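Presented below is the structure to which this report refers.
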2 protein chains.
Amino acid sequence: MVGPLIGAIEAGGTKIVCAVASSLEEILEVEPHVVATTDPFATIGEVLDYFAPFAASGDLAAIGIGSFGPVDHPTTTVTRTTPKVAWRGFHWGQAIRPVLDDLPIGFDTDANAAVLAEATFGAGRGDAIVVYVTVGTGIGGGIAIDGQPLHGLLHSELGHMVVPRDPADVFSGSCPHHGDCLEGLASGAAMAARWGQPAETLQSGHRAFDLEATYLTAMCVTITTMLAPSRIVLGGGVAAVPGLLSEVQQRTAASLNGYLALDRYTTGIEDYIVRPLLTGRSGITGAWLLGRNALEASALGEQRP
Amino acid sequence: MVGPLIGAIEAGGTKIVCAVASSLEEILEVEPHVVATTDPFATIGEVLDYFAPFAASGDLAAIGIGSFGPVDHPTTTVTRTTPKVAWRGFHWGQAIRPVLDDLPIGFDTDANAAVLAEATFGAGRGDAIVVYVTVGTGIGGGIAIDGQPLHGLLHSELGHMVVPRDPADVFSGSCPHHGDCLEGLASGAAMAARWGQPAETLQSGHRAFDLEATYLTAMCVTITTMLAPSRIVLGGGVAAVPGLLSEVQQRTAASLNGYLALDRYTTGIEDYIVRPLLTGRSGITGAWLLGRNALEASALGEQRP
């Protein structure tokens with residue numbers, strides 16, 4: 001089904017991915033435009049340069065944005081507590097207005113965009129509860145219930161949950177707010193700080209990954225006991241290191257120790273903690289879906305945030 | 001508003017509370033009938049003795065049950081992994097059938113019953129997300145979203161989340177499945193085992209409560225970062241110890257350290273982590289609501305589980 005042209009922005013800490021598509025099939029295939037995340041002024045200038053021709057032609061009907069957080073939803077503002085100092089208080093809606101003036105905007109966190117995509121068309125399709133966690137430079141998470149991202153007073157910031165420190169781990173933790181929360185101990189930034197080299201240069205046999213499996217297992221056990229989801233989708237570069245997923249699966253099943261007496265959490269653990277199905281495209285696809293949802297809401301007369 | 005007579009059973013590890021009422025006002029006031037939780041045969045006999053006259057009169061229209069878990073919802077079965085060995089595989093629906101034969105049954109965990117009551121009429125009334133945690137002999141939890149208990153593949157078992165052990169705490173943990181999960185470290189049973197005396201005999205200045213505040217704070221931080229609820233309702237005997245709630249409030253705000261930039265999690269923390277409003281009656285009221293929901297569902301033609 002081909003509909004109107006919808007723009008998508010997946011804003012991460014190192015890059016901002018932009019795309020335009022008129023169908024789900026197209027957003028899953030299209031070559032996106034990538035802009036480095038530097039200071040807001042320069043970055044947004046490049047983003048708008050990409051969208052300008054589409055906007056000028058009058059064919060762009062809506063825009064969806066999945067942004068690094070924390071954000072103030074639905075005002076499209078990055079909160080003043082974001083570790084990305086230059087972006088504190090950045091207002092997406094105002095920033096894109098010069099080029100994308102009156103378009104309906106769909107807005108959420110990057111992790112909520114990703115979980116929306118995975119719960120709608122990916123690894124968690126049809127599942128009652130899906131938790132998406134991306135382990136990259138930081139750790140972000142989103143929860144979908146019946147296919148829709150969950151919002152409480154804020155979005156999920158599950159990267160900042162509390163996990164037990166490994167007794168042998170003397171690294172103080174890299175989170176500027178919490179020190180040794182999950183992100184402070186297990187993000188790519190934490191690994192780089194602990195081992196003194198970029199996480200992506202650590203070889204797969206390095207004991208960094210044994211420690212990483214310990215922390216991600218604690219996370220999976222807490223998510224499972226709290227929510228009993230149908231699926232935990234583990235995305236991001238760190239989680240893609242060969243062998244790590246399997247280790248987290250086995251240790252999670254062992255830690256749960258059969259208490260939650262379901263196949264999914266025991267013999268079926270490999271279908272429970274999984275990689276994203278929309279590999280590398282969960283975020284941009286979810287941003288596109290946010291745009292499509294905003295367009296539909298707009299057609300029903302709802303206000304732009 | 002007075003409707004038909006509805007029975008309520010709140011089944012806990014030490015006692016089973018039974019009541020019958022025809023309105024919310026009545027269930028909040030009525031003197032309940034309490035049966036000790038011993039072996040299933042004797043216990044259920046006493047429970048049914050209580051309900052028999054109401055059933056015989058033909059006035060009882062439905063029954064609601066909030067049970068210790070884990071349970072298999074909606075089949076009304078206590079799972080074989082429950083620590084209450086004698087109750088493994090216990091089937092509530094079959095057990096009450098001799099007396100309450102054809103009545104619609106509403107069934108959930110005791111914690112989900114409590115969160116249903118608190119989210120509908122209590123401390124979390126009108127809140128988007130409410131988390132109820134009872135800290136007694138064990139630690140049970142329920143999550144309500146838009147007023148309804150959340151079910152994934154199972155109900156929440158958040159008492160079994162992972163928390164960091166206090167470095168000075170050498171107690172190995174009392175959970176038969178997980179050792180030092182939250183329940184294994186912070187339940188009344190854990191406190192009794194650690195300090196060698198029943199938790200209810202510990203004086204309020206005892207350092208047991210300093211440690212308890214540490215563990216409950218870790219729990220509140222993880223719940224907050226994962227779900228961003230509007231309210232955490234802390235019920236149960238241990239959480240009622242003077243001073244403990246206040247300590248958990250202050251430490252949770254300090255641990256979150258302003259990262260989630262909302263008044264509710266900073267200056268408003270006393271309105272965030274709160275005691276139940278339906279003091280001591282959350283569970284039985286929730287069980288009654290489960291019964292009422294079952295009656296309404298039955299009127300709409302749904303099947304008894």
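By convention here, the chains of the structure tokens are called A, B, ... in the order presented, each chain's residues are numbered starting at 1, and ligands are numbered starting at 1 in the order presented.
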
Within 12 Å of Gly243 of chain B, counting only C-alpha atoms, which residues show up once you throw out same-chain ones fewer than 6 positions away? Write them as an mmCIF file with all heavy atoms, in the first residue's frame, please.
```cif
data_model
loop_
_atom_site.group_PDB
_atom_site.id
_atom_site.type_symbol
_atom_site.label_atom_id
_atom_site.label_comp_id
_atom_site.auth_asym_id
_atom_site.auth_seq_id
_atom_site.Cartn_x
_atom_site.Cartn_y
_atom_site.Cartn_z
ATOM 1 N N GLN B 203 12.971 -3.684 66.508
ATOM 2 C CA GLN B 203 12.622 -2.311 66.899
ATOM 3 C C GLN B 203 12.926 -1.347 65.750
ATOM 4 O O GLN B 203 13.836 -1.582 64.963
ATOM 5 C CB GLN B 203 13.433 -1.904 68.144
ATOM 6 C CG GLN B 203 13.118 -2.745 69.364
ATOM 7 C CD GLN B 203 11.655 -2.633 69.802
ATOM 8 O OE1 GLN B 203 11.142 -1.534 69.955
ATOM 9 N NE2 GLN B 203 10.983 -3.767 69.968
ATOM 10 N N SER B 204 12.197 -0.229 65.714
ATOM 11 C CA SER B 204 12.288 0.637 64.537
ATOM 12 C C SER B 204 13.666 1.282 64.367
ATOM 13 O O SER B 204 14.024 1.694 63.278
ATOM 14 C CB SER B 204 11.193 1.701 64.557
ATOM 15 O OG SER B 204 11.454 2.627 65.579
ATOM 16 N N GLY B 205 14.493 1.370 65.398
ATOM 17 C CA GLY B 205 15.848 1.899 65.243
ATOM 18 C C GLY B 205 16.876 0.874 64.781
ATOM 19 O O GLY B 205 18.032 1.209 64.532
ATOM 20 N N HIS B 206 16.472 -0.376 64.688
ATOM 21 C CA HIS B 206 17.390 -1.473 64.333
ATOM 22 C C HIS B 206 18.012 -1.231 62.962
ATOM 23 O O HIS B 206 17.348 -0.750 62.053
ATOM 24 C CB HIS B 206 16.602 -2.784 64.336
ATOM 25 C CG HIS B 206 17.466 -4.022 64.351
ATOM 26 N ND1 HIS B 206 18.181 -4.440 63.254
ATOM 27 C CD2 HIS B 206 17.706 -4.923 65.337
ATOM 28 C CE1 HIS B 206 18.831 -5.563 63.556
ATOM 29 N NE2 HIS B 206 18.568 -5.875 64.820
ATOM 30 N N PHE B 209 16.472 -1.891 59.375
ATOM 31 C CA PHE B 209 15.628 -1.002 58.565
ATOM 32 C C PHE B 209 16.452 -0.065 57.693
ATOM 33 O O PHE B 209 15.984 0.402 56.657
ATOM 34 C CB PHE B 209 14.646 -0.254 59.473
ATOM 35 C CG PHE B 209 13.689 -1.208 60.131
ATOM 36 C CD1 PHE B 209 13.809 -1.539 61.480
ATOM 37 C CD2 PHE B 209 12.695 -1.832 59.385
ATOM 38 C CE1 PHE B 209 12.949 -2.452 62.066
ATOM 39 C CE2 PHE B 209 11.825 -2.744 59.962
ATOM 40 C CZ PHE B 209 11.959 -3.056 61.320
ATOM 41 N N ASP B 210 17.679 0.198 58.119
ATOM 42 C CA ASP B 210 18.583 0.947 57.243
ATOM 43 C C ASP B 210 18.877 0.115 55.991
ATOM 44 O O ASP B 210 18.813 0.605 54.859
ATOM 45 C CB ASP B 210 19.877 1.251 58.016
ATOM 46 C CG ASP B 210 20.844 2.066 57.173
ATOM 47 O OD1 ASP B 210 20.515 3.227 56.856
ATOM 48 O OD2 ASP B 210 21.911 1.531 56.823
ATOM 49 N N GLU B 212 17.024 -2.355 54.918
ATOM 50 C CA GLU B 212 15.755 -2.507 54.198
ATOM 51 C C GLU B 212 15.512 -1.300 53.288
ATOM 52 O O GLU B 212 15.068 -1.452 52.144
ATOM 53 C CB GLU B 212 14.619 -2.658 55.212
ATOM 54 C CG GLU B 212 13.277 -3.018 54.611
ATOM 55 C CD GLU B 212 13.240 -4.423 54.025
ATOM 56 O OE1 GLU B 212 14.214 -5.189 54.213
ATOM 57 O OE2 GLU B 212 12.246 -4.748 53.353
ATOM 58 N N ALA B 213 15.808 -0.116 53.788
ATOM 59 C CA ALA B 213 15.633 1.101 52.975
ATOM 60 C C ALA B 213 16.536 1.066 51.747
ATOM 61 O O ALA B 213 16.151 1.504 50.661
ATOM 62 C CB ALA B 213 15.919 2.345 53.820
ATOM 63 N N GLN B 249 11.695 7.314 50.401
ATOM 64 C CA GLN B 249 11.387 8.484 49.573
ATOM 65 C C GLN B 249 12.641 9.327 49.343
ATOM 66 O O GLN B 249 12.999 9.660 48.205
ATOM 67 C CB GLN B 249 10.320 9.354 50.262
ATOM 68 C CG GLN B 249 8.931 8.749 50.277
ATOM 69 C CD GLN B 249 7.989 9.472 51.252
ATOM 70 O OE1 GLN B 249 8.456 10.169 52.166
ATOM 71 N NE2 GLN B 249 6.695 9.302 51.061
ATOM 72 N N GLN B 250 13.323 9.666 50.442
ATOM 73 C CA GLN B 250 14.476 10.562 50.327
ATOM 74 C C GLN B 250 15.620 9.934 49.540
ATOM 75 O O GLN B 250 16.242 10.574 48.701
ATOM 76 C CB GLN B 250 14.972 10.994 51.725
ATOM 77 C CG GLN B 250 13.929 11.731 52.555
ATOM 78 C CD GLN B 250 13.154 12.771 51.764
ATOM 79 O OE1 GLN B 250 13.732 13.558 51.016
ATOM 80 N NE2 GLN B 250 11.825 12.769 51.875
#
```

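The list of chain A residues within 6 Å of chain B is Thr81, Ile129, Gly152, Leu153, Leu154, Ser156, Glu157, Leu158, His160, Met161, Val162, Val163, Pro164, Thr222, Thr225, Met226, Leu227, Ala228, Pro229 and Tyr259 of chain A; this uses only C-alpha atoms.
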
Any idea what the distance is between atom CA of Gly286 of chain A and atom CA of Arg97 of chain A? 21.3 Å

Using only C-alpha atoms, determine which residues lie at most 7 Å from Gly106 of chain B, disregarding the query and same-chain residues fewer than 6 positions distant; provide the list as a list of chain:residue names.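 The residues satisfying every condition are B:Ile63, B:Gly64, B:Ile65, B:Leu290, B:Gly291, B:Asn293, B:Ala294.
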
When you draw a straight line from atom CA of Asn112 of chain B to atom CA of Thr285 of chain B, how long is it in Å?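 Answer for the atom CA of Asn112 of chain B to atom CA of Thr285 of chain B separation: 11.2 Å.
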
Members of segment 9-38 of chain B assigned strand (DSSP E or B) by DSSP, as a ChimeraX atom specification: /B:9-11,15-21,33-36

Excluding Pro104 of chain A and residues on its chain fewer than 4 positions from it, collect all residues at most 10 Å away from it, counting only C-alpha atoms, and give them as a VMD selection string. chain A and resid 6 61 to 64 93 100 291 to 299 302 to 305

Please provide as number ranges by chain all residues within 9 Å of Ile9 of chain A, with the sequence filter that same-chain residues fewer than 4 positions apart are discarded (counting only C-alpha atoms). A: 16-20, 47, 63-67, 283-284, 287-288

Residues just named, written with C-alpha atoms as a compact mmCIF listing (two decimals), in the first residue's frame:
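See selection.txt below for the written result:
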```
# COMPACT_ATOMS: atom_id res chain seq x y z
CA ILE A 16 21.10 11.34 12.73
CA VAL A 17 19.50 9.13 10.12
CA CYS A 18 16.99 10.71 7.74
CA ALA A 19 14.72 9.08 5.18
CA VAL A 20 11.59 9.68 3.17
CA VAL A 47 18.98 17.55 8.30
CA ILE A 63 7.37 13.80 9.76
CA GLY A 64 8.26 11.31 12.47
CA ILE A 65 11.13 11.80 14.91
CA GLY A 66 12.68 9.25 17.26
CA SER A 67 15.17 11.18 19.37
CA GLY A 283 14.74 3.11 14.63
CA ILE A 284 14.20 4.73 11.22
CA ALA A 287 10.28 7.08 13.24
CA TRP A 288 8.44 6.66 9.95
```

Tell me which protein, DNA and RNA residues are within 12 Å of Asp169 of chain B, counting only C-alpha atoms, leaving out same-chain ones fewer than 3 positions away, and put them as a short mmCIF file (atom, residue, chain, number, x, y, z; two decimals) with C-alpha atoms, in the first residue's frame.
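result-v3.cif written:
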```cif
data_model
loop_
_atom_site.label_atom_id
_atom_site.label_comp_id
_atom_site.auth_asym_id
_atom_site.auth_seq_id
_atom_site.Cartn_x
_atom_site.Cartn_y
_atom_site.Cartn_z
CA PRO B 164 22.59 -4.88 44.32
CA ARG B 165 23.56 -6.52 47.59
CA ASP B 166 24.72 -4.06 50.24
CA SER B 172 23.00 -15.34 51.47
CA GLY B 173 19.36 -14.60 50.71
CA ASP B 180 19.49 -13.00 46.81
CA LEU B 185 17.15 -9.98 50.62
CA ALA B 186 14.33 -7.71 51.76
CA ALA B 190 14.64 -12.63 54.75
CA MET B 191 14.81 -10.17 57.65
CA ARG B 194 19.18 -12.55 58.66
CA TRP B 195 18.61 -11.17 62.15
CA ARG B 207 19.90 -1.35 61.51
CA ALA B 208 17.73 -3.94 59.75
CA ASP B 210 18.58 0.95 57.24
CA LEU B 211 19.42 -2.08 55.09
CA GLU B 212 15.76 -2.51 54.20
CA THR B 214 18.65 0.40 50.77
CA TYR B 215 16.93 -2.51 49.05
#
```

Which of segment 47-281 of chain B DSSP labels alpha helix (DSSP H), written as a ChimeraX atom specification: /B:47-56,92-100,110-121,182-186,188-195,207-227,244-256

Go ahead and save the residues from that selection, with C-alpha atoms, as a short mmCIF file (atom, residue, chain, number, x, y, z; two decimals), in the first residue's frame.
```
data_model
loop_
_atom_site.label_atom_id
_atom_site.label_comp_id
_atom_site.auth_asym_id
_atom_site.auth_seq_id
_atom_site.Cartn_x
_atom_site.Cartn_y
_atom_site.Cartn_z
CA VAL B 47 -13.52 -20.71 53.36
CA LEU B 48 -16.48 -22.58 51.90
CA ASP B 49 -18.19 -22.78 55.29
CA TYR B 50 -18.17 -19.01 55.31
CA PHE B 51 -19.65 -18.63 51.84
CA ALA B 52 -22.15 -21.54 52.08
CA PRO B 53 -25.07 -19.61 53.63
CA PHE B 54 -24.76 -16.81 51.08
CA ALA B 55 -24.60 -19.35 48.25
CA ALA B 56 -27.55 -21.31 49.66
CA TRP B 92 -9.13 -22.40 42.92
CA GLY B 93 -11.97 -22.83 40.45
CA GLN B 94 -12.30 -26.55 41.12
CA ALA B 95 -11.82 -26.16 44.88
CA ILE B 96 -14.69 -23.73 45.38
CA ARG B 97 -17.05 -25.45 42.93
CA PRO B 98 -18.76 -27.70 45.55
CA VAL B 99 -20.33 -24.66 47.16
CA LEU B 100 -20.04 -21.84 44.62
CA ASP B 110 -3.27 -10.78 45.41
CA ALA B 111 -0.95 -7.97 44.32
CA ASN B 112 -2.89 -7.37 41.11
CA ALA B 113 -6.11 -7.29 43.14
CA ALA B 114 -4.54 -4.69 45.43
CA VAL B 115 -3.26 -2.54 42.57
CA LEU B 116 -6.68 -2.73 40.93
CA ALA B 117 -8.27 -1.38 44.12
CA GLU B 118 -5.65 1.32 44.71
CA ALA B 119 -5.73 2.40 41.04
CA THR B 120 -9.54 2.51 41.00
CA PHE B 121 -10.40 4.02 44.38
CA LEU B 182 14.84 -8.58 46.14
CA GLU B 183 12.51 -10.94 48.00
CA GLY B 184 15.47 -13.05 49.10
CA LEU B 185 17.15 -9.98 50.62
CA ALA B 186 14.33 -7.71 51.76
CA GLY B 188 10.01 -10.23 56.12
CA ALA B 189 11.19 -13.83 55.82
CA ALA B 190 14.64 -12.63 54.75
CA MET B 191 14.81 -10.17 57.65
CA ALA B 192 13.82 -12.88 60.11
CA ALA B 193 16.48 -15.25 58.75
CA ARG B 194 19.18 -12.55 58.66
CA TRP B 195 18.61 -11.17 62.15
CA ARG B 207 19.90 -1.35 61.51
CA ALA B 208 17.73 -3.94 59.75
CA PHE B 209 15.63 -1.00 58.56
CA ASP B 210 18.58 0.95 57.24
CA LEU B 211 19.42 -2.08 55.09
CA GLU B 212 15.76 -2.51 54.20
CA ALA B 213 15.63 1.10 52.98
CA THR B 214 18.65 0.40 50.77
CA TYR B 215 16.93 -2.51 49.05
CA LEU B 216 13.54 -0.83 48.71
CA THR B 217 15.26 2.25 47.26
CA ALA B 218 16.97 0.13 44.60
CA MET B 219 13.56 -1.34 43.79
CA CYS B 220 11.93 2.10 43.52
CA VAL B 221 14.73 3.43 41.30
CA THR B 222 14.43 0.49 38.91
CA ILE B 223 10.62 0.73 38.81
CA THR B 224 10.86 4.48 38.15
CA THR B 225 13.46 4.33 35.40
CA MET B 226 11.69 1.43 33.68
CA LEU B 227 8.09 2.61 33.84
CA LEU B 244 11.00 3.53 56.62
CA LEU B 245 8.75 5.10 53.99
CA SER B 246 10.30 8.51 54.49
CA GLU B 247 13.80 7.04 54.22
CA VAL B 248 12.90 5.28 50.96
CA GLN B 249 11.39 8.48 49.57
CA GLN B 250 14.48 10.56 50.33
CA ARG B 251 16.97 7.99 49.10
CA THR B 252 15.02 7.34 45.90
CA ALA B 253 14.97 11.05 45.05
CA ALA B 254 18.69 11.25 45.85
CA SER B 255 19.51 8.17 43.75
CA LEU B 256 17.50 9.37 40.74
#
```

Hey, which of A:Phe171, A:Phe41, A:Tyr272, A:Tyr132 ends up closest to Trp87 of chain A? Count only C-alpha atoms.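 The answer is A:Phe41, which sits nearest to Trp87 of chain A.
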